[in-house]
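What follows is the content of final.txt, which has compact mmCIF, C-alpha atoms:
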# COMPACT_ATOMS: atom_id res chain seq x y z
CA MET A 221 3.90 24.18 26.72
CA SER A 222 0.44 25.64 27.15
CA ASP A 223 -0.82 24.25 23.87
CA ARG A 224 -0.33 21.05 21.92
CA PRO A 225 0.41 20.39 18.26
CA LYS A 226 -2.62 19.33 16.27
CA ILE A 227 -2.86 16.48 13.77
CA HIS A 228 -5.62 16.32 11.19
CA PHE A 229 -6.43 14.84 7.80
CA ALA A 230 -5.51 17.22 4.99
CA THR A 231 -8.22 19.08 3.10
CA ARG A 232 -7.88 20.46 -0.42
CA GLU A 233 -6.83 23.78 1.04
CA ASP A 234 -3.72 22.10 2.43
CA VAL A 235 -2.34 21.11 -0.98
CA PRO A 236 0.18 23.98 -1.16
CA ALA A 237 1.53 23.08 2.28
CA ILE A 238 1.75 19.40 1.27
CA LEU A 239 3.67 20.26 -1.89
CA GLY A 240 6.05 22.43 0.11
CA LEU A 241 6.81 19.60 2.51
CA ILE A 242 7.20 17.09 -0.35
CA LYS A 243 9.84 19.33 -1.92
CA GLU A 244 11.67 19.76 1.37
CA LEU A 245 11.66 15.99 1.93
CA ALA A 246 13.03 15.41 -1.57
CA ALA A 247 15.83 17.88 -0.89
CA TYR A 248 16.62 16.06 2.37
CA GLU A 249 16.94 12.79 0.39
CA ASN A 250 19.20 14.52 -2.13
CA ALA A 251 16.63 14.18 -4.89
CA ALA A 252 15.15 17.65 -5.17
CA ASP A 253 15.00 17.46 -8.98
CA SER A 254 12.81 14.38 -8.87
CA VAL A 255 9.66 16.16 -7.74
CA GLN A 256 7.19 16.21 -10.59
CA ALA A 257 4.15 16.71 -8.41
CA THR A 258 2.27 19.98 -8.75
CA GLU A 259 -0.63 21.43 -6.78
CA ALA A 260 -2.93 20.31 -9.60
CA SER A 261 -1.66 16.73 -9.76
CA LEU A 262 -1.84 16.37 -5.97
CA SER A 263 -5.41 17.69 -5.96
CA LEU A 264 -6.33 15.06 -8.54
CA THR A 265 -4.66 12.05 -6.96
CA LEU A 266 -4.92 12.44 -3.18
CA SER A 267 -7.90 11.86 -0.93
CA PHE A 268 -9.01 14.78 1.24
CA ALA A 269 -11.19 15.37 4.22
CA PRO A 270 -14.19 17.55 3.45
CA SER A 271 -13.24 21.21 3.81
CA LYS A 272 -16.41 22.41 5.48
CA HIS A 273 -16.43 19.80 8.22
CA ARG A 274 -12.79 19.74 9.09
CA HIS A 275 -12.25 19.12 12.80
CA SER A 276 -8.75 19.09 14.08
CA HIS A 277 -8.12 17.10 17.21
CA SER A 278 -5.37 17.77 19.71
CA HIS A 279 -3.00 14.97 20.31
CA GLY A 280 -4.30 13.11 23.32
CA SER A 281 -7.98 13.45 22.50
CA SER A 282 -9.67 10.11 21.98
CA SER A 283 -12.81 11.23 20.21
CA ASP A 284 -12.95 11.84 16.52
CA THR A 285 -15.82 14.11 15.60
CA ASN A 286 -15.41 13.99 11.84
CA HIS A 287 -18.42 12.83 9.89
CA ALA A 288 -18.23 10.69 6.81
CA HIS A 289 -18.89 12.64 3.67
CA ASN A 290 -20.74 10.29 1.39
CA THR A 291 -19.73 11.12 -2.12
CA LYS A 292 -20.47 8.61 -4.85
CA PRO A 293 -17.19 7.47 -6.33
CA PRO A 294 -16.93 7.60 -10.12
CA PRO A 295 -16.94 4.22 -11.87
CA ASP A 296 -13.78 2.29 -11.21
CA ALA A 297 -12.62 4.84 -8.70
CA PRO A 298 -9.81 3.65 -6.51
CA PHE A 299 -11.06 2.42 -3.19
CA SER A 300 -9.72 4.34 -0.27
CA SER A 301 -12.42 4.76 2.33
CA SER A 302 -12.84 2.18 5.00
CA PRO A 303 -16.17 0.50 5.67
CA HIS A 304 -16.32 2.39 8.96
CA GLY A 305 -16.76 5.74 7.25
CA GLN A 306 -13.78 8.02 7.29
CA PRO A 307 -13.76 11.74 6.86
CA THR A 308 -12.14 11.43 3.46
CA GLN A 309 -13.59 11.33 -0.02
CA ALA A 310 -13.11 8.05 -1.83
CA SER A 311 -11.53 9.64 -4.86
CA GLY A 312 -7.77 9.50 -4.36
CA TYR A 313 -4.94 7.06 -3.97
CA ALA A 314 -3.36 8.28 -0.72
CA LYS A 315 -4.25 10.27 2.39
CA THR A 316 -2.24 12.83 4.28
CA LEU A 317 -2.04 13.56 7.99
CA LEU A 318 -0.71 17.02 8.75
CA LEU A 319 0.83 18.24 11.98
CA ARG A 320 0.41 21.87 12.95
CA LEU A 321 2.37 23.79 15.55
CA PRO A 322 0.51 24.77 18.72
CA GLU A 323 -1.68 27.86 18.42
CA ASP A 324 0.70 30.00 20.39
CA GLU A 325 3.47 29.22 17.90
CA GLY A 326 1.44 30.12 14.85
CA ALA A 327 -0.27 26.82 13.96
CA ASP A 328 1.79 26.37 10.79
CA VAL A 329 1.94 22.98 9.11
CA VAL A 330 5.38 21.60 9.91
CA GLY A 331 4.99 17.87 9.46
CA MET A 332 3.14 15.30 7.42
CA ALA A 333 2.54 11.59 7.01
CA LEU A 334 1.35 10.51 3.55
CA TYR A 335 -0.01 6.99 3.36
CA PHE A 336 -2.26 4.48 1.64
CA HIS A 337 -3.91 1.24 2.62
CA ASN A 338 -2.19 -2.07 1.97
CA TYR A 339 -3.49 -5.59 2.48
CA SER A 340 -2.45 -8.81 4.15
CA THR A 341 -3.89 -11.75 2.28
CA TRP A 342 -3.47 -14.37 4.98
CA ARG A 343 -5.29 -12.28 7.54
CA ALA A 344 -7.68 -10.70 5.04
CA LYS A 345 -6.91 -7.46 6.83
CA PRO A 346 -5.93 -4.02 5.64
CA GLY A 347 -2.98 -2.12 6.97
CA ILE A 348 -1.30 1.19 6.41
CA TYR A 349 1.74 1.81 4.30
CA LEU A 350 3.45 5.04 5.24
CA GLU A 351 4.87 6.45 2.02
CA ASP A 352 6.34 9.71 3.32
CA LEU A 353 7.04 10.98 6.82
CA PHE A 354 8.55 14.42 7.21
CA VAL A 355 9.00 16.99 9.94
CA GLN A 356 10.74 20.25 9.07
CA PRO A 357 14.30 20.21 10.45
CA LYS A 358 13.83 23.15 12.80
CA TYR A 359 10.98 21.39 14.56
CA ARG A 360 12.74 18.11 15.11
CA LYS A 361 13.47 16.62 18.52
CA ARG A 362 10.00 17.59 19.74
CA GLY A 363 8.55 14.12 19.25
CA TYR A 364 6.46 15.19 16.24
CA GLY A 365 7.53 12.24 14.12
CA THR A 366 6.49 9.93 16.91
CA LEU A 367 3.12 11.67 17.20
CA LEU A 368 2.46 11.20 13.49
CA ILE A 369 3.42 7.54 13.61
CA GLN A 370 1.27 7.12 16.71
CA GLU A 371 -1.74 8.56 14.84
CA LEU A 372 -1.15 6.09 12.03
CA ALA A 373 -0.87 3.20 14.48
CA LYS A 374 -4.21 4.27 15.99
CA GLU A 375 -5.67 4.45 12.50
CA VAL A 376 -4.55 0.88 11.74
CA LEU A 377 -6.34 -0.32 14.85
CA ARG A 378 -9.39 1.80 14.05
CA ILE A 379 -9.85 0.11 10.68
CA ASP A 380 -9.31 -3.33 12.25
CA GLY A 381 -6.02 -3.57 10.40
CA GLY A 382 -2.94 -5.54 11.23
CA ARG A 383 0.20 -3.67 10.26
CA LEU A 384 1.85 -0.30 9.87
CA GLU A 385 4.63 -0.53 7.31
CA TRP A 386 7.08 1.73 5.56
CA SER A 387 10.56 1.73 4.00
CA CYS A 388 13.80 3.49 4.77
CA LEU A 389 17.04 4.04 2.90
CA LYS A 390 19.71 1.83 4.38
CA TRP A 391 22.17 4.72 4.80
CA ASN A 392 19.71 6.70 6.88
CA GLU A 393 21.08 5.63 10.26
CA PRO A 394 19.36 8.37 12.33
CA SER A 395 15.95 7.36 10.96
CA LEU A 396 16.63 3.66 11.44
CA ALA A 397 17.67 4.29 15.06
CA PHE A 398 14.42 6.21 15.61
CA TYR A 399 12.35 3.39 14.11
CA ARG A 400 14.13 0.80 16.23
CA LYS A 401 13.29 2.76 19.37
CA LEU A 402 9.64 2.65 18.36
CA GLY A 403 9.83 -1.12 18.24
CA ALA A 404 9.64 -1.51 14.46
CA GLU A 405 10.94 -4.69 12.90
CA GLU A 406 13.40 -4.43 10.00
CA MET A 407 12.40 -6.73 7.13
CA THR A 408 15.94 -7.56 6.13
CA GLU A 409 15.03 -10.83 4.41
CA TRP A 410 13.02 -9.07 1.72
CA VAL A 411 13.97 -7.03 -1.30
CA GLY A 412 11.64 -4.78 -3.25
CA LEU A 413 11.13 -5.20 -6.99
CA ARG A 414 10.06 -2.42 -9.28
CA VAL A 415 9.17 -2.10 -12.98
CA ASP A 416 8.72 1.41 -14.34
CA GLY A 417 9.41 3.57 -17.36
CA ASP A 418 10.32 1.79 -20.59
CA ALA A 419 10.59 -1.58 -18.85
CA LEU A 420 6.97 -1.21 -17.73
CA LYS A 421 5.79 -0.39 -21.25
CA LYS A 422 7.67 -3.35 -22.71
CA LEU A 423 6.21 -5.67 -20.11
CA ALA A 424 2.68 -4.38 -20.73
CA GLU A 425 3.10 -4.84 -24.46
CA GLY A 426 4.23 -8.42 -24.11
CA LYS A 427 7.69 -7.73 -25.51
CA VAL A 428 9.57 -9.48 -22.74
CA GLU A 429 11.05 -12.97 -22.92
CA ALA A 430 11.02 -14.38 -19.41
CA VAL A 431 13.62 -17.00 -18.58
CA ASN A 432 11.13 -19.33 -17.02
CA SER A 433 7.92 -18.88 -15.12
CA MET B 1430 -14.45 -9.75 -22.19
CA ALA B 1431 -14.28 -11.68 -25.40
CA GLU B 1432 -11.45 -14.19 -25.56
CA ALA B 1433 -10.61 -16.74 -28.21
CA ALA B 1434 -11.61 -20.24 -27.05
CA SER B 1435 -7.98 -21.33 -27.01
CA GLN B 1436 -6.72 -18.42 -24.90
CA VAL B 1437 -6.48 -18.17 -21.16
CA GLY B 1438 -8.72 -15.51 -19.67
CA ILE B 1439 -7.56 -12.97 -17.12
CA SER B 1440 -10.28 -10.95 -15.44
CA TYR B 1441 -11.05 -9.11 -12.21
CA ALA B 1442 -12.53 -11.40 -9.59
CA ASN B 1443 -16.15 -11.01 -8.63
CA ALA B 1444 -17.76 -12.16 -5.41
CA ASP B 1445 -18.50 -15.59 -6.88
CA ASP B 1446 -14.76 -16.25 -7.03
CA ILE B 1447 -14.28 -15.99 -3.27
CA PRO B 1448 -14.18 -19.75 -2.62
CA GLN B 1449 -11.49 -20.21 -5.27
CA ILE B 1450 -9.52 -17.24 -3.94
CA LEU B 1451 -9.58 -18.65 -0.43
CA ALA B 1452 -8.54 -22.08 -1.71
CA MET B 1453 -5.58 -20.54 -3.54
CA ILE B 1454 -4.57 -18.47 -0.51
CA ARG B 1455 -4.47 -21.69 1.52
CA GLU B 1456 -2.54 -23.53 -1.20
CA LEU B 1457 0.02 -20.74 -1.35
CA ALA B 1458 0.37 -20.73 2.43
CA SER B 1459 0.73 -24.48 2.44
CA TYR B 1460 3.47 -24.22 -0.19
CA GLU B 1461 5.29 -21.81 2.13
CA LYS B 1462 4.66 -24.12 5.11
CA CYS B 1463 2.45 -21.49 6.74
CA GLU B 1464 -1.01 -22.91 6.36
CA HIS B 1465 -1.75 -22.43 10.07
CA LYS B 1466 -1.23 -18.70 9.63
CA VAL B 1467 -4.19 -18.26 7.29
CA GLU B 1468 -6.91 -16.41 9.16
CA ALA B 1469 -8.85 -15.36 6.08
CA THR B 1470 -12.36 -16.76 5.66
CA GLU B 1471 -14.87 -16.38 2.85
CA ALA B 1472 -16.67 -13.78 4.97
CA SER B 1473 -13.58 -11.72 5.75
CA LEU B 1474 -12.47 -11.79 2.13
CA LYS B 1475 -15.90 -10.67 1.03
CA GLN B 1476 -15.73 -7.76 3.44
CA THR B 1477 -12.23 -6.59 2.65
CA LEU B 1478 -11.61 -7.22 -1.05
CA THR B 1479 -12.91 -5.18 -3.96
CA PHE B 1480 -14.84 -7.10 -6.57
CA ALA B 1481 -16.01 -6.42 -10.07
CA SER B 1482 -19.70 -6.57 -10.71
CA SER B 1483 -20.87 -10.15 -11.23
CA THR B 1484 -23.72 -9.30 -13.50
CA SER B 1485 -21.98 -7.31 -16.19
CA GLY B 1486 -18.98 -8.10 -18.32
CA HIS B 1487 -17.47 -4.75 -17.37
CA THR B 1488 -14.69 -4.24 -14.90
CA GLN B 1489 -16.53 -1.68 -12.83
CA HIS B 1490 -15.79 -2.19 -9.17
CA THR B 1491 -18.84 -1.60 -7.08
CA ASN B 1492 -17.83 -2.22 -3.51
CA PRO B 1493 -15.18 -0.49 -1.41
CA GLY B 1494 -12.32 -2.73 -0.40
CA TYR B 1495 -8.61 -2.80 0.18
CA ALA B 1496 -7.31 -5.01 -2.63
CA LYS B 1497 -8.35 -6.39 -6.00
CA THR B 1498 -7.74 -9.80 -7.51
CA LEU B 1499 -7.01 -10.87 -11.06
CA ILE B 1500 -8.08 -14.44 -11.79
CA LEU B 1501 -6.52 -16.48 -14.58
CA ARG B 1502 -8.73 -19.15 -16.09
CA LEU B 1503 -7.88 -21.92 -18.54
CA PRO B 1504 -9.26 -21.62 -22.06
CA SER B 1505 -12.78 -22.82 -22.77
CA THR B 1506 -11.19 -25.20 -25.28
CA PRO B 1507 -8.58 -27.07 -23.24
CA GLN B 1508 -5.09 -26.94 -24.68
CA HIS B 1509 -3.49 -29.58 -22.47
CA PRO B 1510 -4.66 -33.12 -21.69
CA GLY B 1511 -6.51 -33.29 -18.40
CA ASP B 1512 -7.36 -29.58 -18.36
CA GLU B 1513 -10.88 -28.59 -17.45
CA PRO B 1514 -12.45 -25.80 -19.49
CA ASN B 1515 -12.34 -22.42 -17.70
CA ALA B 1516 -10.76 -23.86 -14.56
CA VAL B 1517 -9.18 -21.31 -12.24
CA ALA B 1518 -5.43 -21.70 -12.60
CA GLY B 1519 -3.98 -18.71 -10.80
CA MET B 1520 -4.42 -15.28 -9.29
CA ALA B 1521 -2.70 -11.98 -8.59
CA MET B 1522 -3.85 -10.00 -5.59
CA PHE B 1523 -2.90 -6.32 -5.60
CA PHE B 1524 -3.68 -2.83 -4.35
CA ASN B 1525 -2.84 0.65 -5.47
CA ASN B 1526 0.19 2.40 -4.05
CA TYR B 1527 1.33 5.98 -4.56
CA SER B 1528 4.46 7.79 -5.59
CA THR B 1529 4.52 11.20 -3.93
CA TRP B 1530 7.15 12.83 -6.10
CA ARG B 1531 5.31 11.97 -9.29
CA SER B 1532 1.88 12.21 -7.64
CA LYS B 1533 1.00 9.03 -9.50
CA PRO B 1534 -0.57 5.79 -8.36
CA GLY B 1535 0.95 2.42 -9.05
CA VAL B 1536 0.19 -1.23 -8.45
CA TYR B 1537 1.64 -3.23 -5.60
CA LEU B 1538 1.43 -6.98 -6.21
CA GLU B 1539 0.79 -8.61 -2.85
CA ASP B 1540 0.36 -12.24 -3.91
CA LEU B 1541 1.02 -14.06 -7.15
CA TYR B 1542 0.00 -17.71 -7.34
CA VAL B 1543 -0.26 -20.28 -10.09
CA ARG B 1544 -1.60 -23.72 -9.14
CA GLU B 1545 1.12 -26.33 -9.20
CA LYS B 1546 -0.25 -28.45 -12.02
CA TYR B 1547 -0.37 -25.44 -14.35
CA ARG B 1548 3.18 -24.23 -13.81
CA GLY B 1549 5.71 -23.91 -16.58
CA ARG B 1550 3.13 -22.50 -19.01
CA GLY B 1551 3.95 -18.82 -18.59
CA TYR B 1552 0.87 -18.03 -16.52
CA GLY B 1553 2.82 -16.12 -13.87
CA LYS B 1554 4.28 -13.87 -16.50
CA MET B 1555 0.84 -13.34 -18.05
CA LEU B 1556 -0.56 -12.20 -14.70
CA ILE B 1557 2.33 -9.81 -14.16
CA GLN B 1558 1.89 -8.52 -17.67
CA ALA B 1559 -1.81 -7.89 -16.98
CA LEU B 1560 -0.80 -5.89 -13.93
CA ALA B 1561 1.64 -3.84 -16.00
CA GLN B 1562 -1.28 -3.02 -18.28
CA GLU B 1563 -3.32 -2.08 -15.23
CA VAL B 1564 -0.64 0.40 -14.16
CA LEU B 1565 -0.79 2.08 -17.55
CA ARG B 1566 -4.60 2.02 -17.53
CA ILE B 1567 -4.71 4.10 -14.35
CA ASP B 1568 -2.00 6.47 -15.64
CA GLY B 1569 0.30 5.06 -13.01
CA GLY B 1570 4.06 4.89 -12.84
CA ARG B 1571 5.19 1.67 -11.19
CA LEU B 1572 4.51 -2.00 -10.67
CA GLU B 1573 6.07 -3.17 -7.42
CA TRP B 1574 6.26 -6.23 -5.22
CA SER B 1575 8.63 -7.95 -2.78
CA CYS B 1576 10.63 -11.16 -2.79
CA LEU B 1577 12.68 -13.05 -0.23
CA ARG B 1578 16.34 -12.36 -0.85
CA TRP B 1579 17.33 -16.04 -0.92
CA ASN B 1580 14.78 -16.89 -3.60
CA LYS B 1581 17.30 -16.81 -6.44
CA SER B 1582 15.12 -18.47 -9.07
CA SER B 1583 12.28 -15.99 -8.55
CA LEU B 1584 14.72 -13.08 -8.59
CA ALA B 1585 16.16 -14.34 -11.88
CA PHE B 1586 12.65 -14.56 -13.32
CA TYR B 1587 11.85 -11.03 -12.17
CA ASP B 1588 15.13 -9.77 -13.60
CA SER B 1589 14.17 -11.23 -16.97
CA LEU B 1590 10.91 -9.26 -16.82
CA GLY B 1591 12.87 -6.02 -16.52
CA ALA B 1592 12.34 -5.53 -12.78
CA LYS B 1593 15.02 -3.82 -10.75
CA GLN B 1594 15.87 -4.74 -7.18
CA MET B 1595 15.51 -1.93 -4.63
CA GLN B 1596 18.72 -2.79 -2.82
CA ASP B 1597 19.07 0.57 -1.07
CA TRP B 1598 15.87 0.15 0.91
CA VAL B 1599 14.77 -1.86 3.93
CA GLY B 1600 11.17 -2.42 4.99
CA LEU B 1601 9.93 -1.55 8.48
CA ARG B 1602 6.91 -3.07 10.17
CA LEU B 1603 4.88 -2.54 13.34
CA GLU B 1604 2.29 -5.16 14.21
CA GLY B 1605 0.78 -6.93 17.18
CA LYS B 1606 1.91 -5.72 20.58
CA ALA B 1607 4.56 -3.41 19.10
CA LEU B 1608 1.83 -1.67 17.08
CA GLU B 1609 -0.46 -1.40 20.11
CA ASP B 1610 2.34 0.05 22.22
CA VAL B 1611 2.95 2.79 19.68
CA ALA B 1612 -0.78 3.52 19.31
CA ALA B 1613 -1.13 3.82 23.08
CA GLY B 1614 1.82 6.15 23.37
CA ARG B 1615 3.91 3.65 25.32
CA LYS B 1616 6.84 4.09 22.96
CA LYS B 1617 8.73 7.33 22.92
CA ALA B 1618 11.73 7.59 20.64
CA VAL B 1619 12.51 11.10 21.88
CA ASN B 1620 11.91 12.26 25.42
CA VAL B 1621 10.76 15.84 24.99
CA ASN B 1622 11.91 16.84 28.44
CA GLY B 1623 15.46 16.07 27.53
CA ASP B 1624 15.83 13.19 30.01
CA GLY B 1625 17.59 10.02 28.96
CA ASP B 1626 15.67 7.27 27.21
CA LYS B 1627 14.05 4.78 29.55

As structure tokens:
Amino acid sequence: MSDRPKIHFATREDVPAILGLIKELAAYENAADSVQATEASLSLTLSFAPSKHRHSHSHGSSSDTNHAHNTKPPPDAPFSSSPHGQPTQASGYAKTLLLRLPEDEGADVVGMALYFHNYSTWRAKPGIYLEDLFVQPKYRKRGYGTLLIQELAKEVLRIDGGRLEWSCLKWNEPSLAFYRKLGAEEMTEWVGLRVDGDALKKLAEGKVEAVNS
Amino acid sequence: MAEAASQVGISYANADDIPQILAMIRELASYEKCEHKVEATEASLKQTLTFASSTSGHTQHTNPGYAKTLILRLPSTPQHPGDEPNAVAGMAMFFNNYSTWRSKPGVYLEDLYVREKYRGRGYGKMLIQALAQEVLRIDGGRLEWSCLRWNKSSLAFYDSLGAKQMQDWVGLRLEGKALEDVAAGRKKAVNVNGDGDK
């Protein structure tokens, strides 16, 4: 191939492409009806790189020429920018890496990795939690998923973090096989807990009788 | 925030709370027989956590960081013999997560700890309840955390709070050398030339 795919942080202009990929991923997980996100809600809740200074870097390049865009976060804004100055505005809850086809194939966005920072208390170190990874089916088997995960691994190291983490449905054997080949550890001893919807409201209102704390 | 003298107080930690936070992190690690694994120091906590302003009573967070901490303090009028007024009794360390399909944030509880001598008073539940309120405050959708599968008593407690277990999912993690290998491109799951895997 004469040209390489490019990976960059999403800007606001990429929101339609992000929404498209989110819907395709939901369909792949047999949950297409669950998508409530809209272009407006994504614009409000994600962090973006500044549009004017967007620099894409080819995979393989080691320099990152983005400049930090110092916006003042509103009071009580969620923290999302690292102390090292990232090319993203500190106004959203998650960031998105997008993968574009090589120039000679049209440079369309065909893959994404949506993530946020997590934290390890014992190390007092941040990490990255990969919330969604998706490459359009017709562009699979090109190593694009690996490239996105590699960018995230580099990002963890760049922020002096410790871990790259994510979750997978247990029936998704092809994905699990892929993750094993990357050297990921499966955290089989742990189970996730979640409170949402009415249960969350009841808990917040103090209407729950716990068995014993 | 104004609290009745007989009530426990739950508030966002400020930088003055760092020594207590570190002490509780070490106590929790010791309880899990992992004290040697604690690398956190007061300095690294100060650099990586988000704190509320010390000087105001408001919950405005003024420094960037990766996680926040709720501190639970005993009432100013002790309710149990031997209690010290306003002593730090527990904490909940958390960060914001994100649900793509709803495009809503949530809260991920990373560590919940109540000091041993204050257990059995419902303080753990109060901290979790405060986090549920936090989720609603940020117009979020979920409160999430993890638990070891064999920890039946904790799972029963969480069940009584209305939590559901995410049995269909497994966590994946890259750290240490495995993480560095991936970052350096030494791990290829698919060989793009079509040759067999090495």

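When atom CA of B:Asp1588 is paired with atom CA of B:Leu1541, their separation reads 16.1 Å.
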
What lies within 7 Å of stretch 1511-1527 of chain B using all atoms listed in the file, ignoring chain neighbours under 2 positions off, as a PyMOL selection string? (chain A and resi 313-314+336+338) or (chain B and resi 1495-1507+1509+1529+1532-1544+1547+1556)

Would you pick out the contacts of A:Ala344 at 8 Å or less, using all atoms listed in the file, so that residues sharing its chain but fewer than 2 positions from it are not included, and give the list as a PyMOL selection string? (chain A and resi 339-342+346) or (chain B and resi 1468-1470+1473-1474+1477)

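When all atoms listed in the file are used to compute distances to chain A, the closest of the residues B:Ser1575, B:Gln1449, B:Ser1583, B:Asn1492 turns out to be B:Ser1575.
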
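Closest approach to chain B among A:Thr316, A:Thr231, A:Asn250, A:Gln256 is made by A:Gln256 (distances from all atoms listed in the file).
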
Could you list, as a PDB file with C-alpha atoms, in the coordinates of the input, every residue within 10 Å of A:Ala327, counting all atoms listed in the file and ignoring same-chain residues fewer than 4 positions away?
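Produced file result_30.pdb, reproduced below:
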ATOM      1  CA  ARG A 224      -0.330  21.050  21.920  1.00  0.00           C
ATOM      2  CA  PRO A 225       0.410  20.390  18.260  1.00  0.00           C
ATOM      3  CA  LYS A 226      -2.620  19.330  16.270  1.00  0.00           C
ATOM      4  CA  LEU A 319       0.830  18.240  11.980  1.00  0.00           C
ATOM      5  CA  ARG A 320       0.410  21.870  12.950  1.00  0.00           C
ATOM      6  CA  LEU A 321       2.370  23.790  15.550  1.00  0.00           C
ATOM      7  CA  PRO A 322       0.510  24.770  18.720  1.00  0.00           C
ATOM      8  CA  GLU A 323      -1.680  27.860  18.420  1.00  0.00           C
TER       9      GLU A 323
END

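Each of A:Lys345, A:Leu264, A:Glu425, A:Glu325 was checked against A:Gly382 using all atoms listed in the file; the smallest atom-to-atom distance is that of A:Lys345.
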
A:Leu389 surroundings by only C-alpha atoms, 8 Å radius, close-in-sequence under 2 positions cut, as a compact mmCIF listing (two decimals) with C-alpha atoms, keeping the file's coordinate frame:
# COMPACT_ATOMS: atom_id res chain seq x y z
CA SER A 387 10.56 1.73 4.00
CA TRP A 391 22.17 4.72 4.80
CA ASN A 392 19.71 6.70 6.88
CA ASP B 1597 19.07 0.57 -1.07
CA TRP B 1598 15.87 0.15 0.91
CA VAL B 1599 14.77 -1.86 3.93

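Proximity of B:Met1453, B:Ile1447, B:Ala1481, B:Ala1592 to chain A, computed with all atoms listed in the file, is greatest for B:Ala1592.
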
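Each of B:Trp1530, B:Glu1456, B:Gly1438, B:Gly1549 was checked against A:Gly240 using only C-alpha atoms; the smallest atom-to-atom distance is that of B:Trp1530.
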
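The two atoms in question, atom CA of A:Ser311 and atom CA of A:Pro270, are spaced 11.8 Å apart.
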
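Atom CA of A:Ile348 is found 19.7 Å from atom CA of A:Arg414.
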
Determine, counting all atoms listed in the file, which protein, DNA and RNA residues have an atom within 7 Å of an atom of B:Arg1531; residues of the same chain fewer than 3 positions away are not included. Present the result as a ChimeraX atom specification. /A:255-257 /B:1528

Please define a box with edges along x, y and z of the file around all atoms of stretch 1502-1516 of chain B given in the file, extend it by 3 Å on each side, and return its centre and edge lengths in Å to one decimal, as AutoDock Vina command-line options.
--center_x -8.1 --center_y -26.2 --center_z -19.9 --size_x 15.3 --size_y 20.1 --size_z 16.7

Identify the residues around (3.5, 5.5, 5.3) within a radius of 9 Å, measuring from all atoms listed in the file in the coordinates stated by the file, and give them as a PyMOL selection string. chain A and resi 333-337+348-353+369+372+384-387
